[in-house]
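Content type TSV, C-alpha atoms and all ligand atoms, from the file protein-v9.tsv:
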```
chain	number	residue	atom	x	y	z
A	230	MET	CA	0.00	0.00	0.00
A	231	SER	CA	1.34	3.40	-0.99
A	232	ILE	CA	1.95	5.97	1.68
A	233	ILE	CA	1.08	8.83	-0.72
A	234	ARG	CA	-0.88	8.53	-3.92
A	235	PHE	CA	-1.87	11.14	-6.52
A	236	ASP	CA	-4.71	10.21	-8.89
A	237	ASP	CA	-4.96	12.58	-11.85
A	238	VAL	CA	-4.35	15.67	-9.72
A	239	TRP	CA	-4.71	19.19	-11.10
A	240	LYS	CA	-3.98	22.50	-9.41
A	241	VAL	CA	-5.05	25.82	-10.86
A	242	TYR	CA	-4.23	28.81	-8.65
A	243	THR	CA	-6.79	31.60	-8.27
A	244	ASN	CA	-4.70	33.76	-10.65
A	245	ASN	CA	-5.38	31.05	-13.25
A	246	VAL	CA	-1.79	29.67	-13.23
A	247	LYS	CA	-2.01	25.97	-14.03
A	248	ALA	CA	0.67	24.66	-11.68
A	249	ILE	CA	-0.12	20.90	-11.70
A	250	ASN	CA	-1.62	19.35	-14.81
A	251	GLY	CA	-2.85	15.81	-14.33
A	252	MET	CA	-0.39	14.06	-12.05
A	253	SER	CA	-0.63	10.41	-11.06
A	254	VAL	CA	2.13	8.97	-8.91
A	255	GLN	CA	2.66	6.79	-5.85
A	256	PHE	CA	5.22	6.79	-3.06
A	257	GLU	CA	5.90	3.65	-1.06
A	258	LYS	CA	6.77	3.44	2.62
A	259	GLY	CA	10.49	3.92	3.24
A	260	GLU	CA	11.32	5.41	-0.15
A	261	PHE	CA	13.73	8.32	-0.65
A	262	VAL	CA	12.61	10.44	-3.59
A	263	TYR	CA	14.09	13.54	-5.22
A	264	ILE	CA	11.77	15.96	-6.99
A	265	VAL	CA	13.68	17.90	-9.65
A	266	GLY	CA	12.82	20.28	-12.45
A	267	PRO	CA	13.30	23.85	-13.65
A	268	SER	CA	12.23	26.86	-11.62
A	269	GLY	CA	8.46	27.31	-11.74
A	270	ALA	CA	7.89	23.70	-12.83
A	271	GLY	CA	5.51	23.02	-9.94
A	272	LYS	CA	7.75	21.23	-7.39
A	273	SER	CA	6.70	23.30	-4.38
A	274	THR	CA	3.06	23.13	-5.39
A	275	PHE	CA	3.33	19.35	-5.71
A	276	ILE	CA	4.78	19.20	-2.20
A	277	ARG	CA	2.31	21.66	-0.67
A	278	LEU	CA	-0.56	19.53	-1.98
A	279	MET	CA	0.77	16.54	0.00
A	280	TYR	CA	0.38	18.17	3.40
A	281	ARG	CA	-2.75	20.04	2.42
A	282	GLU	CA	-1.15	23.47	2.41
A	283	GLU	CA	-2.84	23.73	-1.00
A	284	LYS	CA	-6.04	22.03	-2.09
A	285	ALA	CA	-6.17	20.16	-5.40
A	286	THR	CA	-8.53	21.69	-7.96
A	287	LYS	CA	-9.31	18.25	-9.36
A	288	GLY	CA	-8.28	14.66	-8.69
A	289	GLU	CA	-7.57	12.77	-5.49
A	290	ILE	CA	-4.60	12.70	-3.13
A	291	ILE	CA	-4.50	9.86	-0.61
A	292	VAL	CA	-2.10	10.05	2.35
A	293	ASN	CA	-1.95	7.06	4.67
A	294	ASN	CA	-5.30	5.85	3.38
A	295	VAL	CA	-6.94	9.23	4.00
A	296	LYS	CA	-8.48	11.09	1.05
A	297	LEU	CA	-7.43	14.74	1.21
A	298	SER	CA	-10.32	15.95	-0.98
A	299	GLY	CA	-12.87	15.31	1.72
A	300	MET	CA	-10.67	16.43	4.58
A	301	LYS	CA	-12.17	18.94	6.99
A	302	GLU	CA	-10.12	21.83	8.35
A	303	LYS	CA	-10.17	20.33	11.84
A	304	GLU	CA	-8.61	17.12	10.51
A	305	ILE	CA	-5.58	18.91	9.04
A	306	PRO	CA	-3.52	18.97	12.29
A	307	ALA	CA	-3.72	15.15	12.49
A	308	LEU	CA	-2.42	14.93	8.91
A	309	ARG	CA	0.44	17.31	9.72
A	310	ARG	CA	1.53	15.05	12.57
A	311	LYS	CA	1.98	12.25	10.07
A	312	ILE	CA	3.97	14.46	7.70
A	313	GLY	CA	6.98	16.42	8.86
A	314	VAL	CA	8.05	19.35	6.67
A	315	ILE	CA	11.28	21.30	6.38
A	316	PHE	CA	12.06	24.31	4.21
A	317	GLN	CA	14.97	26.16	2.66
A	318	ASP	CA	14.67	28.94	5.28
A	319	PHE	CA	14.28	26.67	8.37
A	320	LYS	CA	11.29	28.56	9.85
A	321	LEU	CA	12.27	28.13	13.51
A	322	LEU	CA	10.59	30.25	16.19
A	323	PRO	CA	13.24	32.90	16.95
A	324	SER	CA	12.36	33.52	20.60
A	325	LEU	CA	12.44	29.84	21.60
A	326	THR	CA	15.54	27.80	22.33
A	327	VAL	CA	16.50	24.74	20.30
A	328	TYR	CA	14.94	22.52	22.95
A	329	GLU	CA	11.74	24.59	23.07
A	330	ASN	CA	11.39	24.69	19.28
A	331	VAL	CA	11.34	20.89	19.22
A	332	ALA	CA	9.32	20.34	22.41
A	333	PHE	CA	6.73	22.83	21.15
A	334	ALA	CA	6.05	20.61	18.13
A	335	LEU	CA	5.73	17.45	20.19
A	336	GLU	CA	2.17	16.30	20.34
A	337	VAL	CA	1.71	15.63	23.99
A	338	ILE	CA	-0.81	12.96	24.84
A	339	GLU	CA	-0.69	12.28	28.55
A	340	GLU	CA	3.07	12.08	28.51
A	341	ASN	CA	4.86	12.86	31.72
A	342	PRO	CA	7.47	15.65	31.61
A	343	SER	CA	10.43	13.28	31.84
A	344	LYS	CA	9.13	11.29	28.84
A	345	ILE	CA	8.79	14.51	26.86
A	346	LYS	CA	12.32	15.52	27.75
A	347	GLN	CA	13.59	12.07	26.83
A	348	ARG	CA	11.96	12.18	23.39
A	349	VAL	CA	13.19	15.72	22.62
A	350	MET	CA	16.76	14.87	23.68
A	351	GLU	CA	16.62	11.65	21.65
A	352	VAL	CA	15.72	13.53	18.50
A	353	LEU	CA	18.27	16.30	19.18
A	354	ASP	CA	20.81	13.52	19.46
A	355	LEU	CA	19.69	12.07	16.13
A	356	VAL	CA	20.45	15.39	14.40
A	357	LYS	CA	23.64	15.89	16.44
A	358	ILE	CA	22.69	19.15	18.14
A	359	LYS	CA	22.11	18.00	21.71
A	360	SER	CA	24.95	20.13	23.07
A	361	LYS	CA	23.21	23.30	21.83
A	362	ALA	CA	19.77	22.55	23.30
A	363	LYS	CA	19.75	25.84	25.22
A	364	PHE	CA	20.83	28.03	22.30
A	365	LEU	CA	18.54	30.38	20.39
A	366	PRO	CA	18.22	29.92	16.59
A	367	SER	CA	20.10	33.21	16.07
A	368	GLU	CA	23.11	31.69	17.84
A	369	LEU	CA	23.32	28.80	15.37
A	370	SER	CA	24.79	28.37	11.90
A	371	GLY	CA	22.47	27.69	8.96
A	372	GLY	CA	23.28	24.00	8.99
A	373	GLU	CA	22.60	23.77	12.72
A	374	GLN	CA	19.29	25.56	12.29
A	375	GLN	CA	18.29	23.11	9.57
A	376	ARG	CA	19.17	20.22	11.88
A	377	VAL	CA	16.86	21.66	14.53
A	378	ALA	CA	14.15	22.00	11.89
A	379	ILE	CA	14.61	18.32	11.04
A	380	ALA	CA	14.39	17.40	14.73
A	381	ARG	CA	11.18	19.36	15.02
A	382	ALA	CA	9.79	17.70	11.88
A	383	VAL	CA	10.46	14.16	13.07
A	384	VAL	CA	9.78	14.45	16.80
A	385	ASN	CA	6.28	12.98	16.39
A	386	ARG	CA	7.70	10.07	14.38
A	387	PRO	CA	5.89	10.99	11.15
A	388	ASP	CA	5.60	8.47	8.32
A	389	VAL	CA	6.84	11.01	5.81
A	390	LEU	CA	9.38	13.81	5.87
A	391	ILE	CA	8.93	16.38	3.12
A	392	ALA	CA	11.83	18.67	2.38
A	393	ASP	CA	11.43	21.64	0.04
A	394	GLU	CA	14.94	22.61	-1.10
A	395	PRO	CA	16.47	21.84	2.34
A	396	THR	CA	20.05	22.57	1.29
A	397	GLY	CA	19.25	25.69	-0.76
A	398	ASN	CA	20.68	28.15	1.78
A	399	LEU	CA	23.70	26.07	2.80
A	400	ASP	CA	27.29	25.79	1.62
A	401	PRO	CA	28.28	22.47	-0.01
A	402	ASP	CA	29.87	20.88	3.09
A	403	THR	CA	26.92	21.76	5.26
A	404	ALA	CA	24.53	20.53	2.58
A	405	TRP	CA	26.24	17.12	2.69
A	406	SER	CA	25.91	16.99	6.49
A	407	ILE	CA	22.17	17.64	6.14
A	408	MET	CA	21.97	14.80	3.61
A	409	ASP	CA	23.65	12.56	6.16
A	410	ILE	CA	20.89	13.33	8.63
A	411	LEU	CA	18.13	12.85	6.05
A	412	GLU	CA	19.63	9.48	5.15
A	413	ASN	CA	19.60	8.51	8.83
A	414	VAL	CA	15.97	9.55	9.16
A	415	ASN	CA	15.16	7.51	6.04
A	416	GLY	CA	17.11	4.58	7.49
A	417	LEU	CA	14.71	4.56	10.43
A	418	GLY	CA	11.87	3.86	7.99
A	419	THR	CA	10.58	7.37	7.28
A	420	THR	CA	9.70	8.12	3.67
A	421	VAL	CA	11.69	11.17	2.53
A	422	ILE	CA	10.49	13.35	-0.36
A	423	MET	CA	12.90	16.12	-1.25
A	424	ALA	CA	12.58	18.87	-3.87
A	425	THR	CA	16.04	20.04	-4.87
A	426	HIS	CA	18.16	21.95	-7.38
A	427	ASN	CA	21.33	20.29	-6.08
A	428	LYS	CA	22.70	18.34	-9.04
A	429	GLU	CA	25.72	16.98	-7.19
A	430	ILE	CA	23.69	15.49	-4.36
A	431	VAL	CA	21.16	13.85	-6.70
A	432	ASN	CA	23.90	12.40	-8.92
A	433	THR	CA	25.93	11.12	-5.96
A	434	LEU	CA	23.37	9.79	-3.48
A	435	LYS	CA	21.41	7.86	-6.06
A	436	ARG	CA	17.71	7.54	-5.32
A	437	ARG	CA	14.39	7.62	-7.12
A	438	VAL	CA	14.14	10.79	-9.21
A	439	ILE	CA	10.90	12.39	-10.35
A	440	ALA	CA	11.32	15.26	-12.82
A	441	ILE	CA	8.53	17.81	-13.17
A	442	GLU	CA	8.13	20.24	-16.06
A	443	GLY	CA	5.11	22.44	-16.65
A	444	GLY	CA	3.23	20.74	-13.84
A	445	ARG	CA	3.65	17.26	-15.33
A	446	ILE	CA	5.88	14.33	-14.45
A	447	VAL	CA	8.25	13.94	-17.38
A	448	ARG	CA	10.59	11.36	-15.81
A	449	ASP	CA	10.40	8.83	-12.96
A	450	GLU	CA	13.53	6.70	-12.49
A	451	ALA	CA	14.46	4.29	-9.70
A	452	ARG	CA	18.09	5.46	-9.50
A	453	GLY	CA	18.03	8.53	-11.65
A	454	ASN	CA	20.21	11.50	-12.40
A	455	TYR	CA	19.49	15.17	-11.89
A	456	GLY	CA	19.32	15.50	-15.64
A	457	TYR	CA	19.59	19.30	-16.04
A	458	GLU	CA	22.53	21.61	-16.60
A	459	VAL	CA	23.15	24.03	-13.77
A	501	LIG	N1	0.39	30.81	-4.22
A	501	LIG	C1	0.45	30.91	-5.56
A	501	LIG	N2	-0.47	31.62	-6.24
A	501	LIG	C2	-0.42	31.71	-7.58
A	501	LIG	N3	0.51	31.12	-8.36
A	501	LIG	C3	1.44	30.40	-7.73
A	501	LIG	C4	1.48	30.24	-6.32
A	501	LIG	N4	2.54	29.47	-5.98
A	501	LIG	C5	3.13	29.15	-7.14
A	501	LIG	N5	2.49	29.70	-8.20
A	501	LIG	C6	2.82	29.54	-9.62
A	501	LIG	O1	2.73	28.14	-9.93
A	501	LIG	C7	3.80	27.74	-10.77
A	501	LIG	C8	4.61	26.63	-10.07
A	501	LIG	O2	5.28	27.20	-8.94
A	501	LIG	P1	6.10	26.31	-7.88
A	501	LIG	O3	6.52	27.23	-6.78
A	501	LIG	O4	5.31	25.13	-7.53
A	501	LIG	O5	7.37	25.89	-8.76
A	501	LIG	P2	8.78	25.26	-8.32
A	501	LIG	O6	9.07	24.18	-9.28
A	501	LIG	O7	8.73	24.91	-6.89
A	501	LIG	O8	9.79	26.46	-8.56
A	501	LIG	P3	11.21	26.80	-7.84
A	501	LIG	O9	12.16	25.73	-8.25
A	501	LIG	O10	11.58	28.13	-8.42
A	501	LIG	O11	10.95	26.85	-6.36
A	501	LIG	C9	4.61	28.99	-11.08
A	501	LIG	O12	4.14	29.51	-12.31
A	501	LIG	C10	4.25	29.92	-9.93
A	501	LIG	O13	4.36	31.26	-10.31
```
Exercise: express the given structure as structure tokens:
Amino acid sequence: MSIIRFDDVWKVYTNNVKAINGMSVQFEKGEFVYIVGPSGAGKSTFIRLMYREEKATKGEIIVNNVKLSGMKEKEIPALRRKIGVIFQDFKLLPSLTVYENVAFALEVIEENPSKIKQRVMEVLDLVKIKSKAKFLPSELSGGEQQRVAIARAVVNRPDVLIADEPTGNLDPDTAWSIMDILENVNGLGTTVIMATHNKEIVNTLKRRVIAIEGGRIVRDEARGNYGYEV
């Protein structure tokens, strides 16, 4: 059973831009997938549809057996707990410490405080930032901030981690260290879907590659290449 499935999905924005034009695709549990394509091809829109940041104009998207078309607003938070998201610009809360940024995202269901602390420290350890738990985001490098964002995204043990250009603001060395972490997260069984313009990463860490152009999938390869000149 696929973890995410698109059935003939279309997205027309209110300004009449046709961003996604009839997409059908499936992602299986545990996969690592790169989404590539030229600027404006529809990669971010494709990703935003998955966690219901955007609504499809037509077609069906099924996440974990749940149809997004019929989803009510009040059901969206439950979906977001199953899908962690990270962005190019990290989006941490600036007035909260590293620890607080991650703890804040933890869905607390009758957990005692020591259990909460244990889970947050566990995930900070996973992204190798435990020693800076008391720092503010402004006291961290870009790569460190992205690691905190990953910790926050996976603290609820989501089935899927979606990354929209996660290395876009980072220098090459730091970008590779973020890939290390994403590979570890994937190794724990989380499906990782990553939109990227990073040719070197895609061509080195070979994974499934889906290329999008003009809102359509033009290529879907099990161990593909980036396929564009940069
Ligand atoms: N909120 C929006 N409202 C209207 N049009 C939008 C919106 N977001 C994106 N678009 C348009 O939809 C098309 C696809 O944009 P999208 O951001 O999905 O592309 P992308 O492949 O992620 O691009 P990039 O690589 O530059 O980030 C573009 O023509 C864009 O201008």
Next on the checklist: Let me see if you get this right: every residue at most 12 Å from ligand LIG 501 (chain A), counting all atoms listed in the file, written as a VMD selection string.
Outcome noted: chain A and resid 239 to 250 264 to 278 282 to 284 316 to 317 392 to 395 397 423 to 427 439 to 446
Let's have the selection written as an mmCIF file, in the coordinates of the input, with C-alpha atoms.
```
data_model
loop_
_atom_site.group_PDB
_atom_site.id
_atom_site.type_symbol
_atom_site.label_atom_id
_atom_site.label_comp_id
_atom_site.auth_asym_id
_atom_site.auth_seq_id
_atom_site.Cartn_x
_atom_site.Cartn_y
_atom_site.Cartn_z
ATOM 1 C CA TRP A 239 -4.710 19.190 -11.100
ATOM 2 C CA LYS A 240 -3.980 22.500 -9.410
ATOM 3 C CA VAL A 241 -5.050 25.820 -10.860
ATOM 4 C CA TYR A 242 -4.230 28.810 -8.650
ATOM 5 C CA THR A 243 -6.790 31.600 -8.270
ATOM 6 C CA ASN A 244 -4.700 33.760 -10.650
ATOM 7 C CA ASN A 245 -5.380 31.050 -13.250
ATOM 8 C CA VAL A 246 -1.790 29.670 -13.230
ATOM 9 C CA LYS A 247 -2.010 25.970 -14.030
ATOM 10 C CA ALA A 248 0.670 24.660 -11.680
ATOM 11 C CA ILE A 249 -0.120 20.900 -11.700
ATOM 12 C CA ASN A 250 -1.620 19.350 -14.810
ATOM 13 C CA ILE A 264 11.770 15.960 -6.990
ATOM 14 C CA VAL A 265 13.680 17.900 -9.650
ATOM 15 C CA GLY A 266 12.820 20.280 -12.450
ATOM 16 C CA PRO A 267 13.300 23.850 -13.650
ATOM 17 C CA SER A 268 12.230 26.860 -11.620
ATOM 18 C CA GLY A 269 8.460 27.310 -11.740
ATOM 19 C CA ALA A 270 7.890 23.700 -12.830
ATOM 20 C CA GLY A 271 5.510 23.020 -9.940
ATOM 21 C CA LYS A 272 7.750 21.230 -7.390
ATOM 22 C CA SER A 273 6.700 23.300 -4.380
ATOM 23 C CA THR A 274 3.060 23.130 -5.390
ATOM 24 C CA PHE A 275 3.330 19.350 -5.710
ATOM 25 C CA ILE A 276 4.780 19.200 -2.200
ATOM 26 C CA ARG A 277 2.310 21.660 -0.670
ATOM 27 C CA LEU A 278 -0.560 19.530 -1.980
ATOM 28 C CA GLU A 282 -1.150 23.470 2.410
ATOM 29 C CA GLU A 283 -2.840 23.730 -1.000
ATOM 30 C CA LYS A 284 -6.040 22.030 -2.090
ATOM 31 C CA PHE A 316 12.060 24.310 4.210
ATOM 32 C CA GLN A 317 14.970 26.160 2.660
ATOM 33 C CA ALA A 392 11.830 18.670 2.380
ATOM 34 C CA ASP A 393 11.430 21.640 0.040
ATOM 35 C CA GLU A 394 14.940 22.610 -1.100
ATOM 36 C CA PRO A 395 16.470 21.840 2.340
ATOM 37 C CA GLY A 397 19.250 25.690 -0.760
ATOM 38 C CA MET A 423 12.900 16.120 -1.250
ATOM 39 C CA ALA A 424 12.580 18.870 -3.870
ATOM 40 C CA THR A 425 16.040 20.040 -4.870
ATOM 41 C CA HIS A 426 18.160 21.950 -7.380
ATOM 42 C CA ASN A 427 21.330 20.290 -6.080
ATOM 43 C CA ILE A 439 10.900 12.390 -10.350
ATOM 44 C CA ALA A 440 11.320 15.260 -12.820
ATOM 45 C CA ILE A 441 8.530 17.810 -13.170
ATOM 46 C CA GLU A 442 8.130 20.240 -16.060
ATOM 47 C CA GLY A 443 5.110 22.440 -16.650
ATOM 48 C CA GLY A 444 3.230 20.740 -13.840
ATOM 49 C CA ARG A 445 3.650 17.260 -15.330
ATOM 50 C CA ILE A 446 5.880 14.330 -14.450
#
```
Checklist entry - Which neighbours of segment 380-391 of chain A fall inside 9 Å, counting all atoms listed in the file, when residues of the same chain fewer than 4 positions from it are skipped, and could you give them as JSON, numbers by chain? => result {"A": [232, 233, 258, 259, 276, 279, 280, 293, 309, 310, 311, 312, 313, 314, 315, 316, 321, 330, 331, 332, 333, 334, 335, 336, 348, 349, 351, 352, 353, 354, 355, 356, 375, 376, 411, 414, 415, 418, 419, 420, 421, 422, 423, 424]}
Checklist entry - Using all atoms listed in the file, which residue out of A:Glu329, A:Ile430, A:Glu450, A:Pro366 lies closest to Ala404 of chain A? => result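 Smallest distance to Ala404 of chain A is found for A:Ile430.
The shell of residues at most 10 Å from Gly372 of chain A, with all atoms listed in the file counted and near chain neighbours (fewer than 3 positions) removed, consists of Phe319, Leu369, Gln375, Arg376, Val377, Ala378, Pro395, Thr396, Asn398, Leu399, Asp400, Asp402, Thr403, Ala404, Trp405, Ser406 and Ile407 of chain A.
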For segment 297-309 of chain A, what centre and edge lengths in Å (one decimal) does the axis-aligned box get once 8 Å is added on each side of all its listed atoms, as lines of an AutoDock Vina configuration file?
```
center_x = -6.2
center_y = 18.3
center_z = 5.8
size_x = 29.3
size_y = 23.1
size_z = 29.5
```
Checklist entry - Mind pulling up the distance from atom CA of Phe235 of chain A to atom CA of Glu304 of chain A? => result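 We find that atom CA of Glu304 of chain A and atom CA of Phe235 of chain A lie 19.3 Å from each other.
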Checklist entry - Quick one: of A:Gln374, A:Ser253, A:Ser360, A:Ser343, who's nearest to Lys320 of chain A, counting all atoms listed in the file? => result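 When distances to Lys320 of chain A are compared using all atoms listed in the file, the smallest one comes from A:Gln374.
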Next on the checklist: What's around Leu365 of chain A at 8 Å? Count only C-alpha atoms, leave out sequence neighbours fewer than 6 positions away in its own chain, and write the answer as a ChimeraX atom specification.
Outcome noted: /A:323-327
Checklist entry - What separation in Å, quoted to one decimal, exists between atom CA of Val292 of chain A and atom CA of Pro306 of chain A? => result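 The value is 13.4 Å.
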Item to check | Closest of A:Ala285, A:Val254, A:Ile345, A:Met230 to Met300 of chain A - atom-to-atom distances counting only C-alpha atoms | outcome: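 Answer, going by the shortest atom-to-atom distance: A:Ala285.
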Checklist entry - What is the distance between atom CA of Leu297 of chain A and atom CA of Arg448 of chain A, in Å to one decimal? => result 25.0 Å
